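One structure below.
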Amino acid sequence: MASLAQQFTGLRCPPLSHTRLSTRTPTFLPQTRVSNSSSRRRVIVSAVTAISDAQTRDRQELKRLFEEAYERCRTAPMEGVSFTLDQFHAAIEKYDYNSELGTKVKGTIFCTDAHGALVDITAKSSAYLPVQEACIHKIKHVEEAGIVPGMKEEFVIIGENEADDSLVLSLRVIHYELAWERCRQLQTEDVVVKGKVISANKGGVVTELEGLRGFVPFSQISSKSSAEELLGMEIPLKFVEVDEEQSRLVLSNRKAMADSQAQLGIGLVVLGTVQSLKPYGAFIDIGGINGLLHVSQISHDRVSDISTVLQPGDTLKVMIMSHDRERGRVSLSTKKLEPTPGDMIRNPKLVFEKAEEMARTFRQRIAQAEAMARADMLRFQPESGLTLSSDGILGPLTSDLPVEGLDLSDVPMADNP
């Protein structure tokens, strides 16, 4: 151990060379990294400063523009505006509307659904048209009344939806107004119209006319048919009373029939439709009046089965043989229109074509017979006046109302509930 220590003690290490240390030590590398980092920081700081300066300049420019705009608004508010203040107010009034109930507004349908339609009335919110208010008739969908997106129409405000402050509109109200106006016009013109019998009560029948319900008292029905038999039928009518305020529409079938029957004369050819067949003949509708074509007046040849010649719904020409206005009975014939006996069975088309020609011949014979009868009456009874036979017209069917007036206690409301 001593000798080993002595050996280490005897060793001498050379001194460190400053040159070697200086060449091996990377004295400049940390300084380079520090220099690069400083440069980057300076670039970033410069960029941030430039951006900040640009934003500051933008803010200052915006501030200047706002200040100038404010000053213009304060001193010259209409400078540079292409319209005047009056024009602006007029534009607002043009699209303004009164939302009170009963006010009429114009709108455009832009959406429909199973319950109604949404309507644009240029308001802050859309309005709604319920399906029950879309038409004067009962419908299941608004499209049944022709209401589709894009349709422009005038509506009436009837309510407001509290949930969203939207308005509730109606077309039905306008339709009723137009229907009443139409009825007043028809009454003034004293025309004959047709109405469908839809129900009955103890005082008369109820008909549908122009979308309204009209009442026809039994005293003003010329037909002897019962109320049940009249249900579903269309009958000619004339107006007796049109009162929109009281919602009363009273009609008369007798007045309409009187006008229609006044046009009927013996020997006249009219167009008719077969309504029904009976063993004894066929009932023919001739403009709202039912006439009887007896089996014996169909053809000169014997007709054993009427259905082999006529069917309900057939259209044919018939000649009026007699007309009892008091009873409302009209007798018809196709037999007198046959160019050759049996043509109505074998060639009904020829009878249709030759009807007017055959009727003229018949009327000429009637006129000759009346002239001969008139001469005989004047020869044997010169002091008596001329009267028609029982086969002619017995007297006008009066269109006057009863002296005691009509019982209107059972008149229903004309507007549908």
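In the structure tokens, chains take letters A, B, ... by order of appearance, with residues numbered from 1 within each chain and ligands from 1 in the order shown.
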>> Taking 6 positions as the minimum chain separation for residues in the same chain, which residues sit within 8 Å of Ser333 of chain A when counting only C-alpha atoms? Answer as a list in words.
In response: Leu293, His294, Gln297, Ile298, Val318, Met319, Ile320 and Met321 of chain A
Take the selection from the previous step and output its residues with all heavy atoms, as a PDB file, in the first residue's frame.
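See result01.pdb below for the written result:
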ATOM      1  N   LEU A 293    -146.939  12.365 -69.874  1.00  0.00           N
ATOM      2  CA  LEU A 293    -147.029  11.774 -71.217  1.00  0.00           C
ATOM      3  C   LEU A 293    -147.726  10.432 -71.050  1.00  0.00           C
ATOM      4  O   LEU A 293    -147.114   9.435 -70.698  1.00  0.00           O
ATOM      5  CB  LEU A 293    -145.633  11.611 -71.819  1.00  0.00           C
ATOM      6  CG  LEU A 293    -145.551  10.931 -73.184  1.00  0.00           C
ATOM      7  CD1 LEU A 293    -146.318  11.729 -74.233  1.00  0.00           C
ATOM      8  CD2 LEU A 293    -144.093  10.762 -73.620  1.00  0.00           C
ATOM      9  N   HIS A 294    -149.044  10.428 -71.293  1.00  0.00           N
ATOM     10  CA  HIS A 294    -149.833   9.209 -71.087  1.00  0.00           C
ATOM     11  C   HIS A 294    -149.395   8.144 -72.087  1.00  0.00           C
ATOM     12  O   HIS A 294    -148.945   8.450 -73.196  1.00  0.00           O
ATOM     13  CB  HIS A 294    -151.335   9.504 -71.234  1.00  0.00           C
ATOM     14  CG  HIS A 294    -152.202   8.415 -70.695  1.00  0.00           C
ATOM     15  ND1 HIS A 294    -152.626   7.354 -71.473  1.00  0.00           N
ATOM     16  CD2 HIS A 294    -152.716   8.211 -69.459  1.00  0.00           C
ATOM     17  CE1 HIS A 294    -153.381   6.552 -70.745  1.00  0.00           C
ATOM     18  NE2 HIS A 294    -153.455   7.067 -69.503  1.00  0.00           N
ATOM     19  N   GLN A 297    -150.527   8.424 -75.494  1.00  0.00           N
ATOM     20  CA  GLN A 297    -150.052   9.556 -76.276  1.00  0.00           C
ATOM     21  C   GLN A 297    -148.578   9.428 -76.670  1.00  0.00           C
ATOM     22  O   GLN A 297    -147.989  10.380 -77.176  1.00  0.00           O
ATOM     23  CB  GLN A 297    -150.261  10.861 -75.489  1.00  0.00           C
ATOM     24  CG  GLN A 297    -151.694  11.310 -75.389  1.00  0.00           C
ATOM     25  CD  GLN A 297    -152.265  11.656 -76.763  1.00  0.00           C
ATOM     26  OE1 GLN A 297    -151.582  12.216 -77.614  1.00  0.00           O
ATOM     27  NE2 GLN A 297    -153.529  11.310 -76.969  1.00  0.00           N
ATOM     28  N   ILE A 298    -148.011   8.254 -76.464  1.00  0.00           N
ATOM     29  CA  ILE A 298    -146.613   8.045 -76.856  1.00  0.00           C
ATOM     30  C   ILE A 298    -146.503   7.785 -78.351  1.00  0.00           C
ATOM     31  O   ILE A 298    -145.650   8.353 -79.035  1.00  0.00           O
ATOM     32  CB  ILE A 298    -145.991   6.884 -76.052  1.00  0.00           C
ATOM     33  CG1 ILE A 298    -145.918   7.264 -74.558  1.00  0.00           C
ATOM     34  CG2 ILE A 298    -144.594   6.547 -76.578  1.00  0.00           C
ATOM     35  CD1 ILE A 298    -145.386   6.155 -73.669  1.00  0.00           C
ATOM     36  N   VAL A 318    -141.668  17.115 -76.758  1.00  0.00           N
ATOM     37  CA  VAL A 318    -143.075  16.773 -76.547  1.00  0.00           C
ATOM     38  C   VAL A 318    -143.936  17.980 -76.913  1.00  0.00           C
ATOM     39  O   VAL A 318    -143.466  19.118 -76.899  1.00  0.00           O
ATOM     40  CB  VAL A 318    -143.338  16.369 -75.079  1.00  0.00           C
ATOM     41  CG1 VAL A 318    -142.637  15.068 -74.740  1.00  0.00           C
ATOM     42  CG2 VAL A 318    -142.879  17.466 -74.126  1.00  0.00           C
ATOM     43  N   MET A 319    -145.183  17.717 -77.220  1.00  0.00           N
ATOM     44  CA  MET A 319    -146.123  18.790 -77.543  1.00  0.00           C
ATOM     45  C   MET A 319    -147.162  18.893 -76.435  1.00  0.00           C
ATOM     46  O   MET A 319    -147.643  17.869 -75.921  1.00  0.00           O
ATOM     47  CB  MET A 319    -146.804  18.534 -78.883  1.00  0.00           C
ATOM     48  CG  MET A 319    -147.665  19.708 -79.346  1.00  0.00           C
ATOM     49  SD  MET A 319    -148.274  19.483 -81.038  1.00  0.00           S
ATOM     50  CE  MET A 319    -149.428  18.143 -80.795  1.00  0.00           C
ATOM     51  N   ILE A 320    -147.473  20.118 -76.054  1.00  0.00           N
ATOM     52  CA  ILE A 320    -148.461  20.347 -75.004  1.00  0.00           C
ATOM     53  C   ILE A 320    -149.862  20.167 -75.588  1.00  0.00           C
ATOM     54  O   ILE A 320    -150.243  20.844 -76.541  1.00  0.00           O
ATOM     55  CB  ILE A 320    -148.301  21.755 -74.414  1.00  0.00           C
ATOM     56  CG1 ILE A 320    -146.907  21.885 -73.770  1.00  0.00           C
ATOM     57  CG2 ILE A 320    -149.389  22.045 -73.391  1.00  0.00           C
ATOM     58  CD1 ILE A 320    -146.559  23.261 -73.312  1.00  0.00           C
ATOM     59  N   MET A 321    -150.600  19.274 -74.979  1.00  0.00           N
ATOM     60  CA  MET A 321    -151.964  18.993 -75.435  1.00  0.00           C
ATOM     61  C   MET A 321    -153.001  19.747 -74.613  1.00  0.00           C
ATOM     62  O   MET A 321    -154.009  20.215 -75.152  1.00  0.00           O
ATOM     63  CB  MET A 321    -152.239  17.484 -75.355  1.00  0.00           C
ATOM     64  CG  MET A 321    -151.359  16.657 -76.273  1.00  0.00           C
ATOM     65  SD  MET A 321    -151.620  17.065 -78.011  1.00  0.00           S
ATOM     66  CE  MET A 321    -153.333  16.549 -78.212  1.00  0.00           C
TER      67      MET A 321
END
Each segment 171-228 of chain A residue no farther than 6 Å from segment 242-254 of chain A, nearest pair in Å, only C-alpha atoms, as a Markdown table:
| residue | atom | partner | partner_atom | distance |
| --- | --- | --- | --- | --- |
| A:Gly214 | CA | A:Leu249 | CA | 4.8 |
| A:Phe215 | CA | A:Val250 | CA | 4.9 |
| A:Val216 | CA | A:Leu251 | CA | 5.0 |
| A:Gln220 | CA | A:Ser252 | CA | 5.0 |
| A:Ile221 | CA | A:Asn253 | CA | 4.9 |
| A:Ser222 | CA | A:Arg254 | CA | 5.0 |
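Residues in contact with segment 307-310 of chain A at up to 8 Å, not including ones fewer than 4 positions away on its chain and judged by only C-alpha atoms, are Val274, Leu277, Asp314, Met344 and Ile345 of chain A.
Atom CA of Ser99 of chain A to atom CA of Arg172 of chain A spans 18.1 Å [interatomic distance, one decimal].
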> At what distance in Å, to one decimal, does atom CA of Gly195 of chain A lie from atom CA of Gly116 of chain A?
Replying inline: 29.4 Å
>> as an MDAnalysis selection string, please: every residue in segment 103-315 of chain A that a backbone DSSP assignment puts in strand (DSSP E).
In response: chainID A and resid 104:113 116:120 127:130 152:161 166:170 193:200 204:209 212:217 234:243 248:252 269:278 281:285 290:294 315
>> Which of segment 146-395 of chain A end up as alpha helix (DSSP H) when DSSP is run on this backbone - answer as a ChimeraX atom specification?
In response: /A:172-189,227-230,253-262,343-346,348-353,355-380
>> Here is a test: counting only C-alpha atoms, which residue of A:Glu162, A:Glu144, A:Lys336, A:Pro77 is nearest to Gln132 of chain A?
In response: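 Distance minimum relative to Gln132 of chain A lands on A:Glu144.
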> Which residues, written as a list in words, have at least one atom at most 6 Å from Ser331 of chain A, with only C-alpha atoms counted and residues fewer than 3 positions away on the same chain left out?
Replying inline: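 The contact residues come out as Gly291, Leu292, Met321 and Ser322 of chain A.
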Keeping only C-alpha atoms, write those residues as a PDB file, in the first residue's frame.
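Output contents, as saved in part00.pdb:
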ATOM      1  CA  GLY A 291    -146.114  17.022 -67.355  1.00  0.00           C
ATOM      2  CA  LEU A 292    -147.699  13.631 -67.984  1.00  0.00           C
ATOM      3  CA  MET A 321    -151.964  18.993 -75.435  1.00  0.00           C
ATOM      4  CA  SER A 322    -153.714  20.591 -72.459  1.00  0.00           C
TER       5      SER A 322
END
>> Could you list, as a PyMOL selection string, every residue within 12 Å of His300 of chain A, counting only C-alpha atoms and ignoring same-chain residues fewer than 2 positions away?
In response: chain A and resi 295-298+302-303+333-346
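Between Gly159 of chain A and the residues A:Ile109, A:Ser126, A:Pro217, A:Glu100, the shortest atom-to-atom distance, using only C-alpha atoms, involves A:Glu100.
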